[in-house]
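A.B. asks: Structure file entry-v7.tsv (TSV, C-alpha atoms) right here:
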```
chain	number	residue	atom	x	y	z
A	19	MET	CA	-24.51	36.65	74.03
A	20	ALA	CA	-21.29	35.43	75.69
A	21	ALA	CA	-18.18	35.73	73.54
A	22	GLN	CA	-17.62	31.97	73.54
A	23	ASP	CA	-21.08	31.45	72.03
A	24	LEU	CA	-20.66	33.96	69.21
A	25	ASN	CA	-21.36	32.35	65.81
A	26	ARG	CA	-22.18	28.92	67.31
A	27	ASP	CA	-25.78	29.19	66.15
A	28	LEU	CA	-24.45	29.20	62.56
A	29	ILE	CA	-22.83	25.75	62.77
A	30	GLY	CA	-24.31	23.57	60.04
A	31	VAL	CA	-26.40	26.38	58.52
A	32	PRO	CA	-26.15	26.50	54.70
A	33	GLY	CA	-24.32	29.71	53.80
A	34	GLY	CA	-23.44	30.26	57.46
A	35	ARG	CA	-19.84	31.16	56.68
A	36	ALA	CA	-20.92	34.43	55.06
A	37	MET	CA	-23.03	35.30	58.11
A	38	LEU	CA	-20.21	35.17	60.66
A	39	GLN	CA	-19.74	38.04	63.04
A	40	THR	CA	-16.37	39.47	62.12
A	41	PRO	CA	-13.43	39.75	62.32
A	42	ALA	CA	-13.31	35.95	62.48
A	43	LEU	CA	-10.36	33.58	62.23
A	44	ILE	CA	-11.22	31.00	59.58
A	45	VAL	CA	-9.72	27.59	58.83
A	46	ASP	CA	-10.60	25.99	55.51
A	47	LEU	CA	-10.76	22.42	56.77
A	48	ASP	CA	-10.42	20.80	53.34
A	49	ALA	CA	-7.27	22.78	52.54
A	50	MET	CA	-5.76	22.20	55.99
A	51	GLU	CA	-6.40	18.46	55.77
A	52	ARG	CA	-4.75	18.32	52.35
A	53	ASN	CA	-1.73	20.14	53.77
A	54	ILE	CA	-1.49	17.71	56.70
A	55	ALA	CA	-1.73	14.74	54.34
A	56	ALA	CA	0.80	16.17	51.89
A	57	MET	CA	3.43	16.74	54.59
A	58	ALA	CA	2.81	13.29	56.07
A	59	ALA	CA	3.30	11.73	52.63
A	60	HIS	CA	6.49	13.76	52.10
A	61	ALA	CA	7.93	12.59	55.41
A	62	LYS	CA	7.05	8.97	54.68
A	63	LYS	CA	8.62	9.18	51.23
A	64	HIS	CA	11.87	10.50	52.69
A	65	ASN	CA	11.83	8.18	55.72
A	66	ILE	CA	11.91	11.04	58.20
A	67	ALA	CA	9.65	11.54	61.21
A	68	LEU	CA	7.35	14.52	61.79
A	69	ARG	CA	7.09	16.52	64.99
A	70	PRO	CA	5.04	19.56	63.85
A	71	HIS	CA	5.41	22.84	65.68
A	72	ALA	CA	2.26	23.73	67.62
A	73	LYS	CA	3.45	27.34	68.06
A	74	THR	CA	1.71	27.85	64.71
A	75	HIS	CA	-1.79	26.75	65.70
A	76	LYS	CA	-1.74	26.48	69.55
A	77	CYS	CA	-4.73	24.13	69.36
A	78	SER	CA	-5.15	20.57	70.62
A	79	GLU	CA	-7.73	19.67	67.97
A	80	ILE	CA	-5.24	20.44	65.21
A	81	ALA	CA	-2.37	18.74	67.06
A	82	LYS	CA	-4.47	15.59	67.38
A	83	ARG	CA	-5.17	15.62	63.65
A	84	GLN	CA	-1.46	15.92	62.90
A	85	ILE	CA	-0.67	13.02	65.23
A	86	LYS	CA	-3.47	10.92	63.73
A	87	ALA	CA	-1.88	11.52	60.31
A	88	GLY	CA	1.41	10.06	61.56
A	89	ALA	CA	3.27	12.71	63.57
A	90	LEU	CA	5.30	11.41	66.55
A	91	GLY	CA	4.06	14.26	68.71
A	92	ILE	CA	4.39	18.02	68.65
A	93	CYS	CA	6.82	20.81	69.39
A	94	CYS	CA	5.94	23.78	71.57
A	95	ALA	CA	7.85	27.04	71.68
A	96	LYS	CA	6.88	28.03	75.21
A	97	LEU	CA	6.31	26.19	78.46
A	98	GLY	CA	2.82	27.65	78.74
A	99	GLU	CA	1.92	26.20	75.33
A	100	SER	CA	3.18	22.80	76.48
A	101	GLU	CA	1.10	22.96	79.66
A	102	ALA	CA	-2.06	24.02	77.84
A	103	LEU	CA	-1.80	21.30	75.21
A	104	ALA	CA	-0.85	18.65	77.78
A	105	ASP	CA	-4.01	19.60	79.71
A	106	ALA	CA	-5.93	18.99	76.47
A	107	GLY	CA	-4.55	15.47	76.04
A	108	ILE	CA	-1.32	15.85	74.04
A	109	ASP	CA	1.25	13.57	75.69
A	110	SER	CA	4.36	13.74	73.48
A	111	ILE	CA	5.95	17.20	73.47
A	112	LEU	CA	9.34	18.68	72.63
A	113	LEU	CA	9.78	22.11	74.22
A	114	THR	CA	12.06	23.94	71.80
A	115	SER	CA	12.91	27.05	73.84
A	116	PRO	CA	15.09	27.09	76.98
A	117	VAL	CA	13.61	27.27	80.47
A	118	VAL	CA	16.11	28.75	82.92
A	119	THR	CA	14.38	30.17	86.02
A	120	GLU	CA	13.81	28.20	89.22
A	121	PHE	CA	10.04	28.61	88.97
A	122	GLY	CA	10.03	27.66	85.29
A	123	ILE	CA	12.11	24.56	85.96
A	124	GLY	CA	9.64	23.61	88.68
A	125	ARG	CA	6.86	23.78	86.11
A	126	VAL	CA	8.92	21.61	83.76
A	127	MET	CA	9.20	18.95	86.45
A	128	ALA	CA	5.46	19.02	87.06
A	129	LEU	CA	4.82	18.63	83.34
A	130	ASN	CA	7.36	15.80	83.16
A	131	MET	CA	5.42	13.97	85.87
A	132	LYS	CA	2.16	14.54	84.01
A	133	ILE	CA	2.93	13.28	80.50
A	134	PRO	CA	4.92	10.22	79.37
A	135	GLU	CA	7.02	11.89	76.68
A	136	LEU	CA	8.43	15.31	77.49
A	137	ARG	CA	11.71	16.51	76.02
A	138	ILE	CA	13.14	19.94	76.72
A	139	THR	CA	16.05	21.84	75.18
A	140	CYS	CA	19.12	23.20	76.92
A	141	ASP	CA	22.16	25.14	75.68
A	142	ASN	CA	23.87	26.01	78.95
A	143	ALA	CA	25.94	24.00	81.45
A	144	THR	CA	24.67	25.91	84.50
A	145	VAL	CA	21.06	25.31	83.49
A	146	ALA	CA	21.82	21.63	82.84
A	147	LYS	CA	23.02	21.36	86.45
A	148	LYS	CA	19.78	22.99	87.66
A	149	LEU	CA	17.77	20.52	85.59
A	150	GLU	CA	19.74	17.62	87.09
A	151	ASP	CA	19.08	18.81	90.63
A	152	ALA	CA	15.37	19.40	89.98
A	153	ALA	CA	14.91	16.04	88.27
A	154	ARG	CA	16.59	14.28	91.18
A	155	ALA	CA	14.21	15.99	93.60
A	156	SER	CA	11.19	15.10	91.46
A	157	GLY	CA	12.03	11.41	91.30
A	158	LYS	CA	11.64	11.12	87.52
A	159	LYS	CA	14.31	11.39	84.84
A	160	LEU	CA	14.05	14.27	82.40
A	161	ARG	CA	14.92	13.94	78.73
A	162	VAL	CA	17.14	16.82	77.58
A	163	VAL	CA	17.89	17.80	73.99
A	164	VAL	CA	20.96	19.97	73.38
A	165	ASP	CA	20.06	23.00	71.28
A	166	ILE	CA	22.60	23.73	68.53
A	167	ASP	CA	23.00	27.23	67.11
A	168	PRO	CA	23.19	27.10	63.27
A	169	GLY	CA	24.41	30.70	63.09
A	170	LEU	CA	21.20	32.52	63.99
A	171	GLY	CA	22.47	33.33	67.48
A	172	ARG	CA	19.02	33.34	69.07
A	173	THR	CA	19.38	30.23	71.22
A	174	GLY	CA	21.64	27.22	71.12
A	175	ILE	CA	25.33	26.50	71.45
A	176	ARG	CA	27.54	26.48	68.41
A	177	PRO	CA	28.60	23.00	67.24
A	178	GLY	CA	32.09	22.30	68.51
A	179	ASP	CA	33.94	21.51	71.72
A	180	GLY	CA	31.48	23.43	73.91
A	181	ALA	CA	28.52	21.47	72.57
A	182	ILE	CA	30.36	18.19	73.09
A	183	ALA	CA	31.22	19.17	76.67
A	184	LEU	CA	27.56	19.96	77.37
A	185	VAL	CA	26.45	16.60	75.95
A	186	GLU	CA	29.06	14.82	78.07
A	187	GLN	CA	27.90	16.71	81.19
A	188	ILE	CA	24.30	15.61	80.57
A	189	ILE	CA	25.34	12.00	79.98
A	190	LYS	CA	27.22	11.99	83.30
A	191	SER	CA	24.17	13.39	85.13
A	192	PRO	CA	22.18	10.48	86.56
A	193	ASN	CA	18.78	12.19	86.62
A	194	ILE	CA	18.70	13.75	83.16
A	195	GLU	CA	18.96	11.80	79.94
A	196	PHE	CA	20.66	12.95	76.75
A	197	ALA	CA	17.80	12.79	74.22
A	198	GLY	CA	19.50	14.20	71.12
A	199	LEU	CA	20.22	17.43	69.28
A	200	GLN	CA	18.00	20.23	67.99
A	201	CYS	CA	19.04	22.57	65.19
A	202	TYR	CA	16.57	25.09	63.75
A	203	ALA	CA	17.93	27.47	61.11
A	204	GLY	CA	15.25	30.12	61.39
A	205	GLN	CA	17.29	32.64	59.42
A	206	VAL	CA	17.08	30.38	56.37
A	207	GLN	CA	13.34	29.71	56.20
A	208	HIS	CA	12.26	32.84	54.28
A	209	MET	CA	15.19	33.27	51.90
A	210	GLU	CA	13.69	34.15	48.53
A	211	SER	CA	16.45	32.63	46.39
A	212	PRO	CA	15.89	28.85	46.19
A	213	ASN	CA	19.59	28.27	45.57
A	214	GLU	CA	20.70	30.43	48.50
A	215	ARG	CA	18.09	28.86	50.78
A	216	ARG	CA	19.21	25.37	49.81
A	217	ALA	CA	22.91	26.14	50.25
A	218	ALA	CA	22.40	27.81	53.63
A	219	SER	CA	20.19	25.03	54.98
A	220	LEU	CA	22.48	22.23	53.80
A	221	ASN	CA	25.46	24.02	55.33
A	222	ALA	CA	23.67	24.10	58.71
A	223	MET	CA	22.86	20.40	58.32
A	224	LYS	CA	26.50	19.68	57.46
A	225	GLU	CA	27.66	21.31	60.70
A	226	LEU	CA	25.09	19.29	62.63
A	227	ALA	CA	26.18	16.06	60.95
A	228	GLU	CA	29.82	16.78	61.78
A	229	LEU	CA	28.89	17.25	65.44
A	230	ARG	CA	26.90	14.02	65.40
A	231	ASP	CA	29.87	12.19	63.92
A	232	ARG	CA	32.27	13.63	66.50
A	233	LEU	CA	29.93	12.41	69.26
A	234	LYS	CA	29.67	9.01	67.62
A	235	ALA	CA	33.47	8.77	67.53
A	236	LYS	CA	33.39	9.23	71.31
A	237	GLY	CA	30.91	6.39	71.62
A	238	ILE	CA	27.93	8.70	72.16
A	239	THR	CA	24.71	7.80	70.37
A	240	VAL	CA	22.47	10.70	69.31
A	241	PRO	CA	18.89	9.42	69.71
A	242	LEU	CA	17.26	12.18	67.67
A	243	LEU	CA	18.22	15.10	65.48
A	244	SER	CA	15.31	17.50	65.27
A	245	GLY	CA	14.95	20.67	63.24
A	246	GLY	CA	14.01	22.12	59.90
A	247	GLY	CA	10.96	24.18	59.02
A	248	THR	CA	8.36	24.86	56.36
A	249	GLY	CA	10.80	26.88	54.25
A	250	THR	CA	13.28	24.00	54.06
A	251	PHE	CA	10.98	20.99	54.35
A	252	ASP	CA	11.99	19.84	50.86
A	253	ILE	CA	15.71	20.54	51.36
A	254	ASP	CA	16.67	19.18	54.77
A	255	PRO	CA	15.84	15.50	54.08
A	256	ASP	CA	18.47	15.52	51.32
A	257	ALA	CA	21.18	16.05	53.94
A	258	ASN	CA	20.33	12.70	55.57
A	259	THR	CA	20.99	14.27	58.97
A	260	LEU	CA	17.70	15.09	60.69
A	261	THR	CA	15.59	12.27	62.09
A	262	GLU	CA	12.51	14.47	62.51
A	263	LEU	CA	11.12	17.67	61.00
A	264	GLN	CA	9.75	20.54	63.11
A	265	VAL	CA	7.60	22.01	60.34
A	266	GLY	CA	4.83	24.31	61.55
A	267	SER	CA	3.38	26.87	59.14
A	268	TYR	CA	2.73	24.35	56.34
A	269	ILE	CA	-0.74	23.60	57.72
A	270	PHE	CA	-1.89	27.21	57.26
A	271	MET	CA	0.63	29.08	55.11
A	272	ASP	CA	0.60	32.89	55.11
A	273	LYS	CA	1.66	35.76	52.89
A	274	GLN	CA	5.23	35.54	54.17
A	275	TYR	CA	5.65	31.86	53.36
A	276	ASN	CA	3.73	32.04	50.09
A	277	GLU	CA	6.25	34.65	48.92
A	278	VAL	CA	9.14	32.25	49.58
A	279	TRP	CA	7.98	30.33	46.53
A	280	GLU	CA	5.98	32.94	44.60
A	281	LYS	CA	8.71	35.59	44.34
A	282	PRO	CA	11.09	33.24	42.49
A	283	GLY	CA	8.16	32.32	40.23
A	284	GLN	CA	7.28	28.98	41.81
A	285	ARG	CA	4.03	27.61	43.15
A	286	PRO	CA	3.78	27.19	46.94
A	287	PRO	CA	3.77	23.50	47.88
A	288	PHE	CA	0.93	23.94	50.39
A	289	GLU	CA	-2.42	25.72	50.21
A	290	PRO	CA	-3.51	28.73	52.24
A	291	SER	CA	-5.99	27.44	54.80
A	292	LEU	CA	-5.95	30.19	57.44
A	293	PHE	CA	-7.86	33.41	56.83
A	294	VAL	CA	-9.31	36.40	58.58
A	295	GLN	CA	-12.83	37.13	57.39
A	296	THR	CA	-13.84	40.76	57.62
A	297	THR	CA	-16.86	42.86	56.65
A	298	VAL	CA	-17.10	46.18	54.82
A	299	VAL	CA	-18.57	48.69	57.30
A	300	SER	CA	-18.30	51.91	55.28
A	301	ALA	CA	-18.11	52.58	51.55
A	302	ASN	CA	-18.90	56.24	50.88
A	303	ARG	CA	-15.90	57.08	48.71
A	304	GLU	CA	-15.32	55.78	45.21
A	305	GLY	CA	-12.59	53.13	45.12
A	306	LEU	CA	-12.30	52.99	48.90
A	307	ALA	CA	-13.96	50.73	51.46
A	308	THR	CA	-13.48	50.38	55.21
A	309	THR	CA	-13.59	47.00	56.97
A	310	ASP	CA	-13.84	45.93	60.59
A	311	ALA	CA	-10.37	44.29	60.73
A	312	GLY	CA	-7.49	46.61	61.54
A	313	PHE	CA	-4.24	46.35	63.49
A	314	LYS	CA	-5.92	44.28	66.23
A	315	ALA	CA	-7.04	41.60	63.76
A	316	PHE	CA	-3.68	40.75	62.16
A	317	ALA	CA	-0.07	40.42	63.17
A	318	THR	CA	1.60	43.38	61.49
A	319	ASP	CA	5.28	42.36	61.44
A	320	ALA	CA	5.00	41.13	57.84
A	321	GLY	CA	3.02	44.01	56.36
A	322	SER	CA	-0.60	44.06	55.25
A	323	PRO	CA	-2.72	40.99	54.56
A	324	ALA	CA	-3.34	39.73	51.05
A	325	ILE	CA	-6.92	39.72	49.78
A	326	PHE	CA	-8.02	36.18	48.94
A	327	SER	CA	-11.60	36.79	47.87
A	328	GLY	CA	-14.51	39.23	47.98
A	329	ALA	CA	-12.92	42.34	46.44
A	330	PRO	CA	-12.60	43.56	42.83
A	331	ASP	CA	-9.46	42.69	40.87
A	332	GLY	CA	-6.56	44.98	41.68
A	333	ALA	CA	-7.72	45.67	45.25
A	334	ASN	CA	-5.19	46.17	48.03
A	335	TYR	CA	-5.69	45.95	51.79
A	336	PHE	CA	-4.15	48.44	54.20
A	337	PHE	CA	-4.38	49.14	57.91
A	338	PHE	CA	-6.80	52.01	58.56
A	339	GLY	CA	-6.50	52.03	62.36
A	340	ASP	CA	-6.72	49.79	65.39
A	341	GLU	CA	-10.22	48.57	64.57
A	342	GLN	CA	-10.50	49.22	60.84
A	343	GLY	CA	-8.87	48.05	57.65
A	344	GLY	CA	-9.07	49.76	54.30
A	345	ILE	CA	-9.34	48.54	50.73
A	346	PHE	CA	-8.27	50.60	47.74
A	347	TYR	CA	-9.64	49.19	44.52
A	348	PRO	CA	-10.12	50.25	40.88
A	349	SER	CA	-13.74	51.36	40.72
A	350	ALA	CA	-13.88	50.28	37.07
A	351	ASN	CA	-13.57	46.66	38.27
A	352	GLY	CA	-16.65	46.73	40.49
A	353	LYS	CA	-17.96	48.24	43.70
A	354	LEU	CA	-17.73	47.25	47.32
A	355	ASP	CA	-20.88	47.90	49.32
A	356	VAL	CA	-21.52	47.87	53.05
A	357	GLY	CA	-21.88	44.30	54.24
A	358	ALA	CA	-19.52	42.82	51.64
A	359	VAL	CA	-17.50	39.90	53.02
A	360	ILE	CA	-13.74	40.01	52.42
A	361	VAL	CA	-11.44	37.04	53.06
A	362	CYS	CA	-7.76	37.76	53.70
A	363	ILE	CA	-4.62	35.64	53.80
A	364	VAL	CA	-2.82	36.63	56.98
A	365	PRO	CA	0.66	38.22	56.78
A	366	HIS	CA	2.20	35.95	59.48
A	367	CYS	CA	0.16	33.04	60.79
A	368	ASP	CA	1.67	32.32	64.24
A	369	PRO	CA	1.22	35.74	65.87
A	370	THR	CA	-2.10	36.30	64.09
A	371	VAL	CA	-3.49	33.12	65.66
A	372	ASN	CA	-2.36	34.44	69.04
A	373	LEU	CA	-4.84	37.32	68.68
A	374	TYR	CA	-7.88	35.03	68.65
A	375	ASP	CA	-9.61	32.70	71.09
A	376	ARG	CA	-11.28	30.47	68.50
A	377	TYR	CA	-11.01	29.00	65.02
A	378	HIS	CA	-14.05	28.79	62.76
A	379	GLY	CA	-13.68	25.59	60.75
A	380	VAL	CA	-15.44	25.80	57.40
A	381	ARG	CA	-16.11	23.51	54.45
A	382	GLY	CA	-17.24	25.46	51.46
A	383	ASP	CA	-19.86	27.94	52.65
A	384	VAL	CA	-20.78	25.97	55.79
A	385	LEU	CA	-19.42	26.59	59.29
A	386	GLU	CA	-18.68	23.06	60.53
A	387	SER	CA	-17.02	23.64	63.90
A	388	ILE	CA	-15.55	26.15	66.34
A	389	TRP	CA	-12.34	25.15	68.14
A	390	THR	CA	-10.75	26.73	71.18
A	391	ILE	CA	-7.16	27.93	70.81
A	392	GLU	CA	-6.07	26.61	74.21
A	393	ALA	CA	-2.49	27.91	74.12
A	394	ARG	CA	-3.42	31.40	72.94
A	395	GLY	CA	-1.44	33.94	74.99
A	396	ALA	CA	0.69	31.25	76.67
A	397	SER	CA	3.86	33.28	76.36
A	398	ALA	CA	5.52	32.23	79.64
```
Mind turning the file's structure into structure tokens?
C.D. replies:
Amino acid sequence: MAAQDLNRDLIGVPGGRAMLQTPALIVDLDAMERNIAAMAAHAKKHNIALRPHAKTHKCSEIAKRQIKAGALGICCAKLGESEALADAGIDSILLTSPVVTEFGIGRVMALNMKIPELRITCDNATVAKKLEDAARASGKKLRVVVDIDPGLGRTGIRPGDGAIALVEQIIKSPNIEFAGLQCYAGQVQHMESPNERRAASLNAMKELAELRDRLKAKGITVPLLSGGGTGTFDIDPDANTLTELQVGSYIFMDKQYNEVWEKPGQRPPFEPSLFVQTTVVSANREGLATTDAGFKAFATDAGSPAIFSGAPDGANYFFFGDEQGGIFYPSANGKLDVGAVIVCIVPHCDPTVNLYDRYHGVRGDVLESIWTIEARGASA
């Protein structure tokens, strides 16, 4: 059986979820849809637009559902993601990472010709000049968003005279259009202290607002202010600065984001909807079982996965090798036998998704659909 056909014969079969060949990347469709609706309602309540980050899911089917629920379009972290999702019918994209090489800029121009609403980010005057030259040669204006560094130092230019000079350079360039400002405080998103997270995020928004006001004083309108994330979705609107939120992980959640709220004793505002389903393949020692999902089945930057269901109380998952996972559990609480199905919350959703070609969409115990992850591996 070809890899792309694996598990397709189980679609619509009662109890088919438990029969999946594993490891399998699972989306609980009911939970994901509730998350999409909850974030859309939050944005509407606070009169702020949504431009969800597709780096989380890398899938046109999910992007289309977010847009149907009210999102303006999507964000992509990489040019390859943008190209893959544009090919799948997504036509409003903000590319949030800089593109600086001649070949990459050529790809940007091709994408700009292909879709009606492309915006890209820039934090460098030399690159802005390259974008101007390439846009002139292409015959179509390019919308450029200036990326502002909120202190993370990863990309962006610090708010101040340099940022203003870059905006003014773009405005004076006839073939590129100043489309606004981006400010993503990634260093804030996973702060465990609610008070510290709020203070840090609002401080970043204050700096952004001051830059906006300085530009306004010069007669420069800022069409959009884009940023924020799942960790600060409920904080950033209070600053009355951003015009759109770049939330991403809210649709799935993961162990890392759940802990943002759980460690201070709160309840996460969104449900886990992304899981890796794995099967016990060996169980010869008391209190120990081996599964078929090891290092290759999960992103490992955030530790081990959390067990969601299928194991006795008190069980813990650990990596047992490239291909295998392990479960330690109190034998007094039950026994895991070969063939047992274990469902795990992933440690970090974005890079875990990038390990798989397909989602298995489930409702209850039924496999409803299998979706291609078109932008999987699109790292360039």
A.B. asks: Which one is closest to A:Ala36: A:Leu385, A:Ile391, A:Ala61, A:Val164? Count all atoms listed in the file.
C.D. replies: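 Among the listed residues, the smallest separation from A:Ala36 belongs to A:Leu385.
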A.B. asks: Just the residues within 9 Å of A:Ala58, please, counting all atoms listed in the file, with nothing from its chain fewer than 4 positions along; format it as a PDB file with C-alpha atoms, in the coordinates of the input.
C.D. replies:
```pdb
ATOM      1  CA  ASN A  53      -1.730  20.140  53.770  1.00  0.00           C
ATOM      2  CA  ILE A  54      -1.490  17.710  56.700  1.00  0.00           C
ATOM      3  CA  LYS A  62       7.050   8.970  54.680  1.00  0.00           C
ATOM      4  CA  LYS A  63       8.620   9.180  51.230  1.00  0.00           C
ATOM      5  CA  ALA A  67       9.650  11.540  61.210  1.00  0.00           C
ATOM      6  CA  LEU A  68       7.350  14.520  61.790  1.00  0.00           C
ATOM      7  CA  GLN A  84      -1.460  15.920  62.900  1.00  0.00           C
ATOM      8  CA  ALA A  87      -1.880  11.520  60.310  1.00  0.00           C
ATOM      9  CA  GLY A  88       1.410  10.060  61.560  1.00  0.00           C
ATOM     10  CA  ALA A  89       3.270  12.710  63.570  1.00  0.00           C
TER      11      ALA A  89
END
```
A.B. asks: If you measure from atom CA of A:Ile111 to atom CA of A:Val240, what distance in Å do you get, rounded to one decimal?
C.D. replies: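 Between these atoms lies a distance of 18.2 Å.
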A.B. asks: Find the distance between atom CA of A:Met271 and atom CA of A:Leu28 and write it in Å to one decimal.
C.D. replies: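 Between atom CA of A:Met271 and atom CA of A:Leu28 the gap is 26.2 Å.
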A.B. asks: Name the residues in contact with A:Asn351 at a cut-off of 8 Å, using only C-alpha atoms, excluding same-chain residues fewer than 3 positions from it; report them as an MDAnalysis selection string.
C.D. replies: chainID A and resid 330:332 347:348
A.B. asks: List the spatial neighbours of A:Gly379 as an mmCIF file with C-alpha atoms, in the frame of the given file - criterion: any atom at most 9 Å away, all atoms listed in the file, same-chain residues fewer than 6 positions off excluded.
C.D. replies:
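Output below, filename part-v2.cif:
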```cif
data_model
loop_
_atom_site.group_PDB
_atom_site.id
_atom_site.type_symbol
_atom_site.label_atom_id
_atom_site.label_comp_id
_atom_site.auth_asym_id
_atom_site.auth_seq_id
_atom_site.Cartn_x
_atom_site.Cartn_y
_atom_site.Cartn_z
ATOM 1 C CA LEU A 43 -10.360 33.580 62.230
ATOM 2 C CA ILE A 44 -11.220 31.000 59.580
ATOM 3 C CA VAL A 45 -9.720 27.590 58.830
ATOM 4 C CA ASP A 46 -10.600 25.990 55.510
ATOM 5 C CA LEU A 47 -10.760 22.420 56.770
ATOM 6 C CA LEU A 385 -19.420 26.590 59.290
ATOM 7 C CA GLU A 386 -18.680 23.060 60.530
ATOM 8 C CA SER A 387 -17.020 23.640 63.900
ATOM 9 C CA ILE A 388 -15.550 26.150 66.340
ATOM 10 C CA TRP A 389 -12.340 25.150 68.140
#
```
A.B. asks: Tell me, in Å to one decimal, how far atom CA of A:Ser211 is from atom CA of A:Pro168.
C.D. replies: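 These two atoms are separated by 19.0 Å.
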A.B. asks: Restricting the calculation to only C-alpha atoms: of A:Gly352, A:Gly312, A:Gly204, A:Gly174, which residue gets closest to A:Ala329?
C.D. replies: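 Distance minimum relative to A:Ala329 lands on A:Gly352.
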A.B. asks: When you count all atoms listed in the file, which of these residues is closest to A:Arg52: A:Ser291, A:Asn193, A:Gln39, A:Thr309?
C.D. replies: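 Checking each of A:Ser291, A:Asn193, A:Gln39, A:Thr309 against A:Arg52, counting all atoms listed in the file, the winner is A:Ser291.
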A.B. asks: Pick from A:Thr261, A:Gln207, A:Thr318, A:Thr308: nearest to A:Phe338, with all atoms listed in the file counted?
C.D. replies: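 Looking only at the distances to A:Phe338, the closest residue turns out to be A:Thr308.
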A.B. asks: Hey, what's within 7 Å of A:Cys140 if we count all atoms listed in the file and toss same-chain stuff fewer than 3 positions away? As a PDB file with C-alpha atoms, in the coordinates of the input, please?
C.D. replies:
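Wrote it out as result_21.pdb, contents follow:
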```pdb
ATOM      1  CA  PRO A 116      15.090  27.090  76.980  1.00  0.00           C
ATOM      2  CA  ALA A 146      21.820  21.630  82.840  1.00  0.00           C
ATOM      3  CA  VAL A 162      17.140  16.820  77.580  1.00  0.00           C
ATOM      4  CA  VAL A 163      17.890  17.800  73.990  1.00  0.00           C
ATOM      5  CA  VAL A 164      20.960  19.970  73.380  1.00  0.00           C
ATOM      6  CA  ASP A 165      20.060  23.000  71.280  1.00  0.00           C
TER       7      ASP A 165
END
```
A.B. asks: Applying 8 Å and only C-alpha atoms, which residues near A:Ala358 remain after dropping the ones on its own chain fewer than 5 positions away? List them as a compact mmCIF listing (two decimals) with C-alpha atoms, keeping the file's coordinate frame.
C.D. replies:
```txt
# COMPACT_ATOMS: atom_id res chain seq x y z
CA THR A 297 -16.86 42.86 56.65
CA VAL A 298 -17.10 46.18 54.82
CA GLY A 328 -14.51 39.23 47.98
```
A.B. asks: Nearest residue to A:Asn130 out of A:Leu149, A:Tyr374, A:Gln200, A:Arg215, using only C-alpha atoms?
C.D. replies: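 Among the listed residues, the smallest separation from A:Asn130 belongs to A:Leu149.
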A.B. asks: Is it possible to get the residues within 8 Å of (11.3, 20.0, 91.0) (coordinates as in the file, counting only C-alpha atoms) written as a VMD selection string?
C.D. replies: chain A and resid 123 to 128 151 to 156
A.B. asks: With all atoms listed in the file as the atoms that count, which of A:Glu210, A:Glu304, A:Asp48, A:Asp319 lies nearest to A:Gln284?
C.D. replies: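 The answer is A:Glu210, which sits nearest to A:Gln284.
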A.B. asks: Please complete stretch 230-241 of chain A with N, CA and C atoms and give it back as a PDB file, keeping the file's coordinate frame.
C.D. replies:
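Saved as result19.pdb:
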```
ATOM      1  N   ARG A 230      27.393  15.380  65.148  1.00  0.00           N
ATOM      2  CA  ARG A 230      26.900  14.020  65.400  1.00  0.00           C
ATOM      3  C   ARG A 230      28.013  12.993  65.241  1.00  0.00           C
ATOM      4  N   ASP A 231      28.803  13.149  64.178  1.00  0.00           N
ATOM      5  CA  ASP A 231      29.870  12.190  63.920  1.00  0.00           C
ATOM      6  C   ASP A 231      30.979  12.272  64.962  1.00  0.00           C
ATOM      7  N   ARG A 232      31.264  13.483  65.440  1.00  0.00           N
ATOM      8  CA  ARG A 232      32.270  13.630  66.500  1.00  0.00           C
ATOM      9  C   ARG A 232      31.784  12.945  67.788  1.00  0.00           C
ATOM     10  N   LEU A 233      30.490  13.083  68.083  1.00  0.00           N
ATOM     11  CA  LEU A 233      29.930  12.410  69.260  1.00  0.00           C
ATOM     12  C   LEU A 233      29.972  10.895  69.081  1.00  0.00           C
ATOM     13  N   LYS A 234      29.648  10.452  67.897  1.00  0.00           N
ATOM     14  CA  LYS A 234      29.670   9.010  67.620  1.00  0.00           C
ATOM     15  C   LYS A 234      31.065   8.446  67.812  1.00  0.00           C
ATOM     16  N   ALA A 235      32.082   9.213  67.377  1.00  0.00           N
ATOM     17  CA  ALA A 235      33.470   8.770  67.530  1.00  0.00           C
ATOM     18  C   ALA A 235      33.859   8.622  68.992  1.00  0.00           C
ATOM     19  N   LYS A 236      33.157   9.334  69.867  1.00  0.00           N
ATOM     20  CA  LYS A 236      33.390   9.230  71.310  1.00  0.00           C
ATOM     21  C   LYS A 236      32.521   8.151  71.949  1.00  0.00           C
ATOM     22  N   GLY A 237      31.775   7.433  71.117  1.00  0.00           N
ATOM     23  CA  GLY A 237      30.910   6.390  71.620  1.00  0.00           C
ATOM     24  C   GLY A 237      29.562   6.883  72.099  1.00  0.00           C
ATOM     25  N   ILE A 238      29.195   8.100  71.716  1.00  0.00           N
ATOM     26  CA  ILE A 238      27.930   8.700  72.160  1.00  0.00           C
ATOM     27  C   ILE A 238      26.896   8.593  71.045  1.00  0.00           C
ATOM     28  N   THR A 239      25.815   7.911  71.328  1.00  0.00           N
ATOM     29  CA  THR A 239      24.710   7.800  70.370  1.00  0.00           C
ATOM     30  C   THR A 239      23.808   9.025  70.484  1.00  0.00           C
ATOM     31  N   VAL A 240      23.387   9.559  69.343  1.00  0.00           N
ATOM     32  CA  VAL A 240      22.470  10.700  69.310  1.00  0.00           C
ATOM     33  C   VAL A 240      21.081  10.166  68.977  1.00  0.00           C
ATOM     34  N   PRO A 241      20.186  10.065  69.954  1.00  0.00           N
ATOM     35  CA  PRO A 241      18.890   9.420  69.710  1.00  0.00           C
ATOM     36  C   PRO A 241      18.023  10.123  68.670  1.00  0.00           C
TER      37      PRO A 241
END
```
